[in-house]
$ cat final_34.txt   # compact mmCIF, C-alpha atoms and all ligand atoms
# COMPACT_ATOMS: atom_id res chain seq x y z
CA MET R 1 0.00 0.00 0.00
CA SER R 2 1.24 3.50 -0.85
CA ASN R 3 2.06 5.68 2.12
CA LYS R 4 1.95 8.83 -0.03
CA LEU R 5 -0.04 11.52 1.79
CA ALA R 6 -3.17 12.66 -0.01
CA THR R 7 -2.93 15.99 -1.78
CA GLN R 8 -4.94 18.66 -0.01
CA ALA R 9 -6.67 21.54 -1.78
CA ALA R 10 -8.29 24.65 -0.36
CA VAL R 11 -11.09 26.11 -2.47
CA ILE R 12 -11.72 29.76 -1.62
CA GLY R 13 -15.16 30.92 -2.76
CA ALA R 14 -17.99 28.40 -3.16
CA GLY R 15 -19.72 29.81 -6.25
CA SER R 16 -20.05 28.14 -9.66
CA ILE R 17 -16.33 27.65 -10.20
CA GLY R 18 -15.45 26.81 -6.59
CA VAL R 19 -18.05 24.04 -6.46
CA ALA R 20 -16.84 22.66 -9.79
CA PHE R 21 -13.19 22.65 -8.65
CA ALA R 22 -14.18 20.82 -5.43
CA ILE R 23 -15.63 18.07 -7.65
CA VAL R 24 -12.47 17.92 -9.82
CA PHE R 25 -10.20 17.64 -6.77
CA ALA R 26 -12.38 15.12 -4.93
CA ARG R 27 -12.52 12.90 -8.05
CA ALA R 28 -8.70 12.90 -7.98
CA LYS R 29 -8.92 11.56 -4.41
CA TRP R 30 -7.63 14.82 -2.93
CA ILE R 31 -8.87 16.18 0.37
CA VAL R 32 -10.83 19.39 -0.20
CA ARG R 33 -11.59 22.18 2.27
CA MET R 34 -13.89 24.81 0.93
CA TYR R 35 -14.46 28.29 2.36
CA ASP R 36 -17.02 30.96 1.58
CA PRO R 37 -17.71 34.04 3.75
CA ASP R 38 -21.45 33.79 3.05
CA THR R 39 -23.10 31.58 5.71
CA GLU R 40 -26.16 30.85 3.58
CA ARG R 41 -23.96 29.84 0.68
CA ARG R 42 -21.99 27.48 2.92
CA GLU R 43 -25.23 25.82 4.01
CA ARG R 44 -26.50 25.35 0.46
CA VAL R 45 -23.25 24.12 -1.08
CA PRO R 46 -23.24 20.42 -0.01
CA GLU R 47 -26.65 19.83 -1.59
CA GLU R 48 -25.50 21.53 -4.79
CA ILE R 49 -22.36 19.40 -5.00
CA ILE R 50 -24.36 16.22 -4.37
CA GLY R 51 -26.75 17.21 -7.18
CA ARG R 52 -23.89 17.71 -9.63
CA LEU R 53 -22.20 14.47 -8.60
CA ARG R 54 -25.47 12.57 -9.11
CA GLU R 55 -25.73 14.01 -12.62
CA LEU R 56 -22.19 12.86 -13.39
CA ASP R 57 -23.06 9.45 -11.97
CA ASN R 58 -26.18 9.22 -14.18
CA PHE R 59 -23.89 9.63 -17.19
CA GLY R 60 -21.49 6.96 -15.93
CA LEU R 61 -18.74 9.52 -15.32
CA LEU R 62 -17.88 8.67 -11.71
CA SER R 63 -15.59 5.85 -10.68
CA GLU R 64 -16.69 6.02 -7.02
CA PRO R 65 -20.02 6.41 -5.21
CA VAL R 66 -21.24 9.97 -4.57
CA ASP R 67 -20.87 9.46 -0.77
CA ALA R 68 -17.18 8.54 -1.10
CA LEU R 69 -16.52 11.75 -3.04
CA MET R 70 -18.55 13.86 -0.61
CA GLY R 71 -16.56 12.33 2.25
CA ARG R 72 -13.47 14.17 0.97
CA ILE R 73 -15.11 17.61 0.80
CA GLU R 74 -15.44 19.69 3.95
CA ILE R 75 -17.06 23.13 4.03
CA VAL R 76 -15.32 25.38 6.56
CA ALA R 77 -16.15 28.75 8.08
CA THR R 78 -12.72 30.43 8.07
CA LEU R 79 -9.95 31.04 5.60
CA GLU R 80 -7.45 29.65 8.14
CA GLN R 81 -9.25 26.30 8.38
CA ALA R 82 -9.33 26.01 4.60
CA ALA R 83 -5.67 26.89 4.11
CA ALA R 84 -4.23 24.75 6.94
CA GLY R 85 -2.16 21.91 5.46
CA ALA R 86 -3.08 22.72 1.84
CA ASN R 87 -0.73 21.97 -1.07
CA LEU R 88 -2.82 23.98 -3.51
CA ILE R 89 -5.05 26.95 -2.74
CA GLN R 90 -7.55 27.57 -5.53
CA GLU R 91 -9.07 31.04 -5.18
CA CYS R 92 -12.53 31.27 -6.81
CA ALA R 93 -13.82 34.57 -5.40
CA PRO R 94 -15.53 37.26 -7.50
CA GLU R 95 -13.59 38.88 -10.37
CA ARG R 96 -12.77 42.13 -8.55
CA VAL R 97 -9.19 43.29 -8.38
CA GLU R 98 -9.43 44.92 -4.93
CA LEU R 99 -11.04 41.80 -3.47
CA LYS R 100 -8.40 39.46 -4.90
CA GLU R 101 -5.67 41.85 -3.69
CA VAL R 102 -6.87 41.59 -0.06
CA LEU R 103 -7.52 37.85 -0.31
CA PHE R 104 -4.07 37.03 -1.70
CA ALA R 105 -2.40 39.10 1.05
CA GLU R 106 -4.40 37.15 3.67
CA LEU R 107 -3.68 33.80 2.02
CA ASP R 108 0.03 34.55 1.72
CA ALA R 109 0.12 35.28 5.45
CA ILE R 110 -1.64 32.09 6.56
CA ALA R 111 -0.97 29.37 3.96
CA PRO R 112 1.78 26.75 4.47
CA VAL R 113 5.04 28.15 3.05
CA ASP R 114 5.17 25.71 0.15
CA ALA R 115 1.49 25.95 -0.82
CA ILE R 116 0.73 27.25 -4.31
CA LEU R 117 -1.70 30.19 -4.47
CA ALA R 118 -3.71 29.97 -7.70
CA SER R 119 -6.49 32.27 -8.85
CA ALA R 120 -9.35 31.21 -11.14
CA SER R 121 -9.40 34.76 -12.54
CA SER R 122 -10.98 34.97 -16.02
CA ALA R 123 -9.13 38.05 -17.20
CA LEU R 124 -7.23 39.77 -14.35
CA THR R 125 -3.53 39.00 -14.40
CA THR R 126 -1.57 37.80 -11.35
CA SER R 127 0.52 41.01 -11.38
CA SER R 128 -2.62 43.15 -11.12
CA PHE R 129 -3.60 41.78 -7.69
CA VAL R 130 -0.53 40.16 -6.12
CA GLY R 131 1.68 43.26 -5.83
CA ASN R 132 4.77 43.00 -3.66
CA LEU R 133 3.72 40.14 -1.39
CA SER R 134 6.65 38.29 0.14
CA GLY R 135 5.20 35.07 -1.33
CA GLN R 136 4.67 36.51 -4.81
CA HIS R 137 6.84 33.73 -6.31
CA ARG R 138 4.13 31.16 -5.43
CA CYS R 139 1.21 33.02 -7.02
CA LEU R 140 -0.25 32.46 -10.49
CA VAL R 141 -3.52 32.38 -12.36
CA ALA R 142 -5.09 28.98 -13.07
CA HIS R 143 -8.07 29.81 -15.26
CA PRO R 144 -10.44 26.90 -15.94
CA GLY R 145 -13.20 26.37 -18.47
CA ASN R 146 -16.68 26.26 -16.95
CA PRO R 147 -17.30 23.79 -15.39
CA PRO R 148 -13.81 22.32 -15.03
CA TYR R 149 -15.13 18.81 -14.35
CA LEU R 150 -16.44 18.79 -17.95
CA ILE R 151 -14.07 21.19 -19.75
CA PRO R 152 -10.57 19.95 -18.91
CA VAL R 153 -8.37 22.74 -20.29
CA ILE R 154 -6.90 25.08 -17.68
CA GLU R 155 -4.65 28.06 -18.44
CA LEU R 156 -1.72 28.58 -16.09
CA VAL R 157 -0.64 32.20 -16.32
CA PRO R 158 2.42 32.98 -14.21
CA ALA R 159 3.57 36.56 -13.56
CA PRO R 160 7.20 37.44 -14.33
CA PHE R 161 7.85 36.99 -10.57
CA THR R 162 6.28 33.49 -10.33
CA SER R 163 9.02 30.90 -9.81
CA LEU R 164 9.63 28.18 -12.37
CA ASP R 165 9.37 25.57 -9.64
CA VAL R 166 5.86 26.77 -8.76
CA VAL R 167 4.79 26.64 -12.42
CA GLU R 168 6.14 23.09 -12.73
CA ARG R 169 4.48 21.94 -9.51
CA ALA R 170 1.19 23.54 -10.57
CA LEU R 171 1.40 21.79 -13.96
CA SER R 172 1.92 18.47 -12.28
CA LEU R 173 -0.91 18.99 -9.74
CA TYR R 174 -3.49 19.98 -12.37
CA GLN R 175 -2.43 17.07 -14.59
CA ASP R 176 -2.76 14.79 -11.58
CA CYS R 177 -6.42 15.77 -11.21
CA GLY R 178 -7.19 15.04 -14.86
CA LEU R 179 -7.09 18.59 -16.21
CA LYS R 180 -5.21 19.65 -19.37
CA PRO R 181 -3.03 22.61 -18.38
CA ILE R 182 -1.28 24.91 -20.82
CA VAL R 183 1.25 27.51 -19.68
CA VAL R 184 0.57 30.97 -21.13
CA LYS R 185 3.95 32.56 -21.94
CA LYS R 186 3.02 36.20 -21.33
CA GLU R 187 0.61 37.93 -18.97
CA LEU R 188 -2.13 39.60 -20.97
CA GLU R 189 -5.75 40.36 -20.25
CA GLY R 190 -8.10 37.50 -21.16
CA PHE R 191 -5.23 35.01 -21.62
CA VAL R 192 -5.74 32.63 -24.59
CA PHE R 193 -9.19 31.09 -23.96
CA ASN R 194 -11.08 34.37 -23.66
CA ARG R 195 -9.03 36.09 -26.38
CA LEU R 196 -10.07 33.39 -28.85
CA GLN R 197 -13.64 33.48 -27.60
CA GLY R 198 -13.50 37.29 -27.75
CA ALA R 199 -12.38 37.30 -31.41
CA LEU R 200 -15.36 35.15 -32.37
CA LEU R 201 -17.82 37.13 -30.23
CA ARG R 202 -16.60 40.47 -31.63
CA GLU R 203 -17.37 39.33 -35.17
CA ALA R 204 -20.65 37.66 -34.10
CA TYR R 205 -21.87 40.94 -32.54
CA CYS R 206 -20.89 42.85 -35.72
CA LEU R 207 -22.78 40.38 -37.92
CA VAL R 208 -25.93 40.77 -35.79
CA ARG R 209 -25.54 44.58 -35.69
CA ASP R 210 -25.20 44.74 -39.48
CA GLY R 211 -28.20 42.47 -40.09
CA VAL R 212 -26.10 39.78 -41.78
CA ALA R 213 -27.39 36.94 -39.59
CA THR R 214 -29.60 36.45 -36.53
CA VAL R 215 -28.32 35.40 -33.11
CA ASP R 216 -29.82 31.93 -33.65
CA GLU R 217 -28.27 31.57 -37.07
CA ILE R 218 -24.83 32.42 -35.73
CA ASP R 219 -25.24 29.86 -32.94
CA THR R 220 -26.24 27.32 -35.62
CA VAL R 221 -23.13 28.05 -37.70
CA VAL R 222 -20.93 27.45 -34.67
CA ARG R 223 -22.86 24.52 -33.12
CA ASP R 224 -23.40 22.59 -36.35
CA GLY R 225 -20.33 23.83 -38.20
CA LEU R 226 -17.20 25.32 -36.74
CA GLY R 227 -17.74 24.05 -33.19
CA LEU R 228 -18.56 20.51 -34.28
CA ARG R 229 -15.16 20.24 -35.95
CA TRP R 230 -13.43 22.10 -33.12
CA SER R 231 -14.53 19.45 -30.63
CA VAL R 232 -12.20 17.07 -32.49
CA ILE R 233 -9.43 19.39 -33.74
CA GLY R 234 -8.38 23.01 -33.16
CA PRO R 235 -8.55 25.89 -35.66
CA PHE R 236 -5.00 25.43 -36.96
CA GLU R 237 -5.46 21.71 -37.54
CA THR R 238 -8.84 22.42 -39.14
CA VAL R 239 -7.40 24.54 -41.93
CA ASP R 240 -4.33 22.30 -42.18
CA LEU R 241 -6.62 19.36 -42.99
CA ASN R 242 -9.07 21.35 -45.12
CA THR R 243 -6.55 22.21 -47.79
CA ARG R 244 -4.45 19.74 -49.77
CA GLY R 245 -0.85 20.80 -49.19
CA GLY R 246 -1.64 21.75 -45.58
CA ILE R 247 -1.74 25.04 -43.75
CA ALA R 248 0.92 26.78 -45.90
CA SER R 249 -1.26 26.16 -48.94
CA HIS R 250 -4.34 27.38 -47.03
CA ALA R 251 -2.57 30.63 -46.06
CA LEU R 252 -1.55 31.22 -49.66
CA LYS R 253 -5.06 30.71 -50.99
CA MET R 254 -7.11 32.25 -48.20
CA GLY R 255 -4.69 34.67 -46.45
CA PRO R 256 -5.59 37.69 -48.64
CA ALA R 257 -9.35 37.21 -48.08
CA TYR R 258 -8.86 36.95 -44.29
CA GLU R 259 -6.65 40.04 -44.40
CA ARG R 260 -9.41 42.01 -46.19
CA MET R 261 -12.00 40.80 -43.61
CA GLY R 262 -9.73 42.00 -40.79
CA ALA R 263 -9.08 45.35 -42.49
CA GLU R 264 -12.85 45.85 -42.88
CA ARG R 265 -13.03 45.69 -39.04
CA GLY R 266 -10.08 48.05 -38.60
CA GLN R 267 -7.63 45.26 -37.76
CA HIS R 268 -4.35 44.97 -39.59
CA ASP R 269 -2.60 41.75 -38.61
CA PRO R 270 -1.62 40.09 -41.89
CA TRP R 271 -0.30 36.52 -41.87
CA THR R 272 3.22 37.45 -42.95
CA PRO R 273 5.38 34.81 -44.73
CA ALA R 274 7.54 34.47 -41.59
CA LEU R 275 4.50 33.90 -39.36
CA VAL R 276 2.95 31.38 -41.77
CA GLU R 277 6.29 29.58 -41.93
CA LYS R 278 6.40 29.35 -38.12
CA VAL R 279 2.83 27.99 -37.90
CA ALA R 280 3.34 25.57 -40.80
CA ALA R 281 6.59 24.27 -39.25
CA ALA R 282 4.75 23.60 -35.97
CA ARG R 283 2.01 21.70 -37.82
CA ARG R 284 4.50 19.68 -39.90
CA ALA R 285 6.36 18.76 -36.70
CA VAL R 286 3.20 17.07 -35.35
CA LEU R 287 1.86 15.86 -38.72
CA PRO R 288 4.33 15.13 -41.53
CA ILE R 289 2.65 15.88 -44.87
CA GLU R 290 2.89 12.17 -45.89
CA GLN R 291 0.43 11.38 -43.06
CA TRP R 292 -2.07 14.04 -44.13
CA ASP R 293 -4.56 11.71 -45.91
CA GLU R 294 -4.53 9.30 -42.98
CA ARG R 295 -5.26 12.15 -40.55
CA VAL R 296 -8.19 13.37 -42.65
CA VAL R 297 -9.69 9.86 -42.35
CA TRP R 298 -9.02 9.95 -38.57
CA ARG R 299 -10.79 13.34 -38.29
CA ASP R 300 -13.83 12.04 -40.14
CA GLN R 301 -13.99 8.89 -38.02
CA ASN R 302 -13.90 11.02 -34.88
CA LEU R 303 -16.67 13.21 -36.24
CA MET R 304 -18.70 10.11 -37.04
CA ALA R 305 -18.29 8.81 -33.47
CA LEU R 306 -19.28 12.18 -32.12
CA ILE R 307 -22.33 12.50 -34.37
CA ARG R 308 -23.45 8.99 -33.46
CA ASN R 309 -23.38 10.01 -29.78
CA ARG R 310 -25.04 13.33 -30.49
CA ASN R 311 -27.86 11.60 -32.34
CA LYS R 312 -28.30 9.12 -29.48
CA ALA R 313 -28.24 11.77 -26.76
CA ASP R 314 -31.59 12.87 -25.43
CA PHE R 315 -31.42 15.89 -23.19
CA GLY R 316 -35.21 16.28 -23.06
N1 LIG R 401 -18.26 31.55 -14.26
C1 LIG R 401 -17.38 31.30 -15.22
O1 LIG R 401 -17.72 30.95 -16.37
C2 LIG R 401 -15.91 31.37 -14.91
C3 LIG R 401 -15.01 30.62 -15.70
C4 LIG R 401 -13.65 30.66 -15.36
C5 LIG R 401 -13.20 31.47 -14.31
N2 LIG R 401 -14.11 32.21 -13.59
C6 LIG R 401 -13.59 33.03 -12.50
O2 LIG R 401 -13.73 32.31 -11.28
C7 LIG R 401 -13.93 33.24 -10.20
C8 LIG R 401 -15.23 32.89 -9.50
O3 LIG R 401 -16.30 33.00 -10.43
P1 LIG R 401 -17.75 32.34 -10.17
O4 LIG R 401 -18.44 32.37 -11.50
O5 LIG R 401 -17.60 31.05 -9.45
O6 LIG R 401 -18.39 33.44 -9.20
P2 LIG R 401 -19.65 33.28 -8.22
O7 LIG R 401 -20.21 34.63 -8.08
O8 LIG R 401 -20.53 32.15 -8.68
O9 LIG R 401 -18.99 32.83 -6.84
C9 LIG R 401 -18.13 33.63 -6.07
C10 LIG R 401 -18.19 33.14 -4.63
O10 LIG R 401 -17.19 33.84 -3.91
C11 LIG R 401 -17.71 34.17 -2.64
N3 LIG R 401 -16.94 35.28 -2.08
C12 LIG R 401 -17.28 36.60 -2.02
N4 LIG R 401 -16.30 37.29 -1.39
C13 LIG R 401 -15.35 36.39 -1.05
C14 LIG R 401 -14.12 36.48 -0.35
N5 LIG R 401 -13.65 37.64 0.11
N6 LIG R 401 -13.41 35.34 -0.14
C15 LIG R 401 -13.85 34.16 -0.61
N7 LIG R 401 -15.02 34.02 -1.26
C16 LIG R 401 -15.75 35.12 -1.49
C17 LIG R 401 -19.18 34.47 -2.89
O11 LIG R 401 -19.94 34.34 -1.68
C18 LIG R 401 -19.53 33.43 -3.94
O12 LIG R 401 -20.04 32.24 -3.35
C19 LIG R 401 -13.92 34.63 -10.84
O13 LIG R 401 -12.63 35.18 -10.79
C20 LIG R 401 -14.32 34.34 -12.28
O14 LIG R 401 -13.91 35.34 -13.18
C21 LIG R 401 -15.45 32.16 -13.84
$ encode --input "final_34.txt" --output "structure tokens" --more "lines below"
Ligand SMILES: NC(=O)c1ccc[n+]([C@@H]2O[C@H](COP(=O)([O-])OP(=O)(O)OC[C@H]3O[C@@H](n4cnc5c(N)ncnc54)[C@H](O)[C@@H]3O)[C@@H](O)[C@H]2O)c1
Amino acid sequence: MSNKLATQAAVIGAGSIGVAFAIVFARAKWIVRMYDPDTERRERVPEEIIGRLRELDNFGLLSEPVDALMGRIEIVATLEQAAAGANLIQECAPERVELKEVLFAELDAIAPVDAILASASSALTTSSFVGNLSGQHRCLVAHPGNPPYLIPVIELVPAPFTSLDVVERALSLYQDCGLKPIVVKKELEGFVFNRLQGALLREAYCLVRDGVATVDEIDTVVRDGLGLRWSVIGPFETVDLNTRGGIASHALKMGPAYERMGAERGQHDPWTPALVEKVAAARRAVLPIEQWDERVVWRDQNLMALIRNRNKADFG
């Protein structure tokens, strides 16, 4: 039997994201202590977690009974109780810079010296609320998709002052609980997830404003078009596989049209030859051009499996 001590997580803020993180951590067999300053919220939270766990169970997505998972989650009334003994502190309080500033100062003062302090912030950078804390090296943003027990990607966004060791330990902890972390190389508002989402939403709003398509029609184009493919492959792989000759050939054929569309919106970010070369080299490193046909078949098979499940699913 392993004598490895269980990982312990503190979840600070028991709203939508806090509750979802508690489920992720408990499924990984971690001990979870969850704090919220709102007494009513603390009373309601266990029932909410049980409800979500039962839903997961109905879909066959739990490997343990709901009671076993609940047995690892404790709701506590103070920040100190939550932080005591924690390896990872996952802050999930409201997206307000002054609130996160105070909270991180408190957490830095009370958390075990080697605990990682991670914020679920959607857009605020670590530097904007951590300031000159003595433990600034152990702070970073860990921004999940919503809810993280269904959307596994999580963006780790260190500040320039976050230590490499902390980033590596955070990577390993989030991988350990089944998430798919990426490390964002520079601190910028919105990180990668919301920047990509923002680019699509900006255009979607313009198309509605200009009477080109309705809100429903745009949702249809994404749900039954772009998004369907994106649940199997990302946007770079999509165009790589859509054009014989790969992404370099796509950029040659379609680059000018995309440049005109950007210019029409006041954006001038052409795909320069050097940039296309960099992207194409990255694609060819993961998919040599000789394997292109095979990968197209793989994509279609994955779409078929997905569509079969979609057709079977009945959400009422
Ligand atoms: N909702 C999303 O889609 C989403 C996705 C990714 C990240 N986030 C980020 O996660 C964080 C939490 O978002 P949410 O949607 O769960 O918010 P929420 O409003 O559902 O929950 C916030 C919780 O924090 C509690 N709280 C208030 N003050 C607090 C304090 N001082 N200390 C601890 N807890 C406090 C509140 O009582 C509430 O229960 C935000 O930074 C948000 O931007 C949200």
$ closest_residue --input "final_34.txt" --among "R:Gln81, R:Gln291, R:Asn309, R:Thr126" --to "Ile110 in chain R" --atoms "all atoms listed in the file"
R:Gln81
$ closest_residue --input "final_34.txt" --among "R:Arg27, R:His143, R:His268, R:Arg33" --to "Val184 in chain R" --atoms "all atoms listed in the file"
R:His143
$ closest_residue --input "final_34.txt" --among "R:Val24, R:Leu173, R:Leu117, R:Val19" --to "ligand LIG 401 (chain R)" --atoms "only C-alpha atoms and all ligand atoms"
R:Val19
$ residues_near_ligand --input "final_34.txt" --ligand "ligand LIG 401 (chain R)" --cutoff "6 Å" --atoms "all atoms listed in the file" --output "PyMOL selection string"
chain R and resi 12-18+36-38+92-95+120-122+143-146
$ write_last_selection --input "final_34.txt" --atoms "C-alpha atoms" --output "tab-separated table (two decimals), keeping the file's coordinate frame"
chain	number	residue	atom	x	y	z
R	12	ILE	CA	-11.72	29.76	-1.62
R	13	GLY	CA	-15.16	30.92	-2.76
R	14	ALA	CA	-17.99	28.40	-3.16
R	15	GLY	CA	-19.72	29.81	-6.25
R	16	SER	CA	-20.05	28.14	-9.66
R	17	ILE	CA	-16.33	27.65	-10.20
R	18	GLY	CA	-15.45	26.81	-6.59
R	36	ASP	CA	-17.02	30.96	1.58
R	37	PRO	CA	-17.71	34.04	3.75
R	38	ASP	CA	-21.45	33.79	3.05
R	92	CYS	CA	-12.53	31.27	-6.81
R	93	ALA	CA	-13.82	34.57	-5.40
R	94	PRO	CA	-15.53	37.26	-7.50
R	95	GLU	CA	-13.59	38.88	-10.37
R	120	ALA	CA	-9.35	31.21	-11.14
R	121	SER	CA	-9.40	34.76	-12.54
R	122	SER	CA	-10.98	34.97	-16.02
R	143	HIS	CA	-8.07	29.81	-15.26
R	144	PRO	CA	-10.44	26.90	-15.94
R	145	GLY	CA	-13.20	26.37	-18.47
R	146	ASN	CA	-16.68	26.26	-16.95
$ residues_around --input "final_34.txt" --residues "Lys180 in chain R" --least-positions-apart "6" --cutoff "7 Å" --atoms "all atoms listed in the file" --output "PyMOL selection string"
chain R and resi 152-154
$ write_last_selection --input "final_34.txt" --atoms "C-alpha atoms" --output "short mmCIF file (atom, residue, chain, number, x, y, z; two decimals), in the frame of the given file"
data_model
loop_
_atom_site.label_atom_id
_atom_site.label_comp_id
_atom_site.auth_asym_id
_atom_site.auth_seq_id
_atom_site.Cartn_x
_atom_site.Cartn_y
_atom_site.Cartn_z
CA PRO R 152 -10.57 19.95 -18.91
CA VAL R 153 -8.37 22.74 -20.29
CA ILE R 154 -6.90 25.08 -17.68
#
$ decode --input "final_34.txt" --residues "range 157-169 of chain R" --atoms "N, CA, C and O atoms" --output "mmCIF file, in the first residue's frame"
data_model
loop_
_atom_site.group_PDB
_atom_site.id
_atom_site.type_symbol
_atom_site.label_atom_id
_atom_site.label_comp_id
_atom_site.auth_asym_id
_atom_site.auth_seq_id
_atom_site.Cartn_x
_atom_site.Cartn_y
_atom_site.Cartn_z
ATOM 1 N N VAL R 157 -1.216 30.930 -15.866
ATOM 2 C CA VAL R 157 -0.636 32.200 -16.318
ATOM 3 C C VAL R 157 0.238 32.771 -15.201
ATOM 4 O O VAL R 157 -0.259 33.457 -14.307
ATOM 5 N N PRO R 158 1.536 32.448 -15.235
ATOM 6 C CA PRO R 158 2.421 32.983 -14.208
ATOM 7 C C PRO R 158 2.710 34.459 -14.468
ATOM 8 O O PRO R 158 2.615 34.926 -15.606
ATOM 9 N N ALA R 159 3.060 35.188 -13.421
ATOM 10 C CA ALA R 159 3.571 36.559 -13.565
ATOM 11 C C ALA R 159 5.078 36.441 -13.776
ATOM 12 O O ALA R 159 5.659 35.377 -13.544
ATOM 13 N N PRO R 160 5.744 37.528 -14.179
ATOM 14 C CA PRO R 160 7.205 37.439 -14.326
ATOM 15 C C PRO R 160 7.885 37.029 -13.009
ATOM 16 O O PRO R 160 8.953 36.438 -13.020
ATOM 17 N N PHE R 161 7.226 37.324 -11.867
ATOM 18 C CA PHE R 161 7.849 36.992 -10.574
ATOM 19 C C PHE R 161 7.496 35.581 -10.076
ATOM 20 O O PHE R 161 7.979 35.160 -9.035
ATOM 21 N N THR R 162 6.631 34.848 -10.781
ATOM 22 C CA THR R 162 6.280 33.487 -10.332
ATOM 23 C C THR R 162 7.478 32.574 -10.589
ATOM 24 O O THR R 162 8.080 32.630 -11.669
ATOM 25 N N SER R 163 7.822 31.728 -9.599
ATOM 26 C CA SER R 163 9.016 30.901 -9.807
ATOM 27 C C SER R 163 8.706 29.720 -10.737
ATOM 28 O O SER R 163 7.572 29.235 -10.807
ATOM 29 N N LEU R 164 9.747 29.299 -11.440
ATOM 30 C CA LEU R 164 9.629 28.180 -12.365
ATOM 31 C C LEU R 164 9.189 26.915 -11.629
ATOM 32 O O LEU R 164 8.355 26.133 -12.124
ATOM 33 N N ASP R 165 9.716 26.752 -10.432
ATOM 34 C CA ASP R 165 9.370 25.571 -9.638
ATOM 35 C C ASP R 165 7.869 25.534 -9.346
ATOM 36 O O ASP R 165 7.233 24.486 -9.420
ATOM 37 N N VAL R 166 7.291 26.693 -9.050
ATOM 38 C CA VAL R 166 5.858 26.768 -8.764
ATOM 39 C C VAL R 166 5.050 26.425 -10.016
ATOM 40 O O VAL R 166 4.074 25.679 -9.960
ATOM 41 N N VAL R 167 5.494 26.939 -11.171
ATOM 42 C CA VAL R 167 4.787 26.637 -12.423
ATOM 43 C C VAL R 167 4.841 25.127 -12.679
ATOM 44 O O VAL R 167 3.831 24.492 -13.000
ATOM 45 N N GLU R 168 6.001 24.534 -12.478
ATOM 46 C CA GLU R 168 6.143 23.089 -12.732
ATOM 47 C C GLU R 168 5.303 22.264 -11.762
ATOM 48 O O GLU R 168 4.653 21.292 -12.140
ATOM 49 N N ARG R 169 5.291 22.684 -10.485
ATOM 50 C CA ARG R 169 4.478 21.943 -9.505
ATOM 51 C C ARG R 169 2.988 22.093 -9.813
ATOM 52 O O ARG R 169 2.208 21.157 -9.679
#
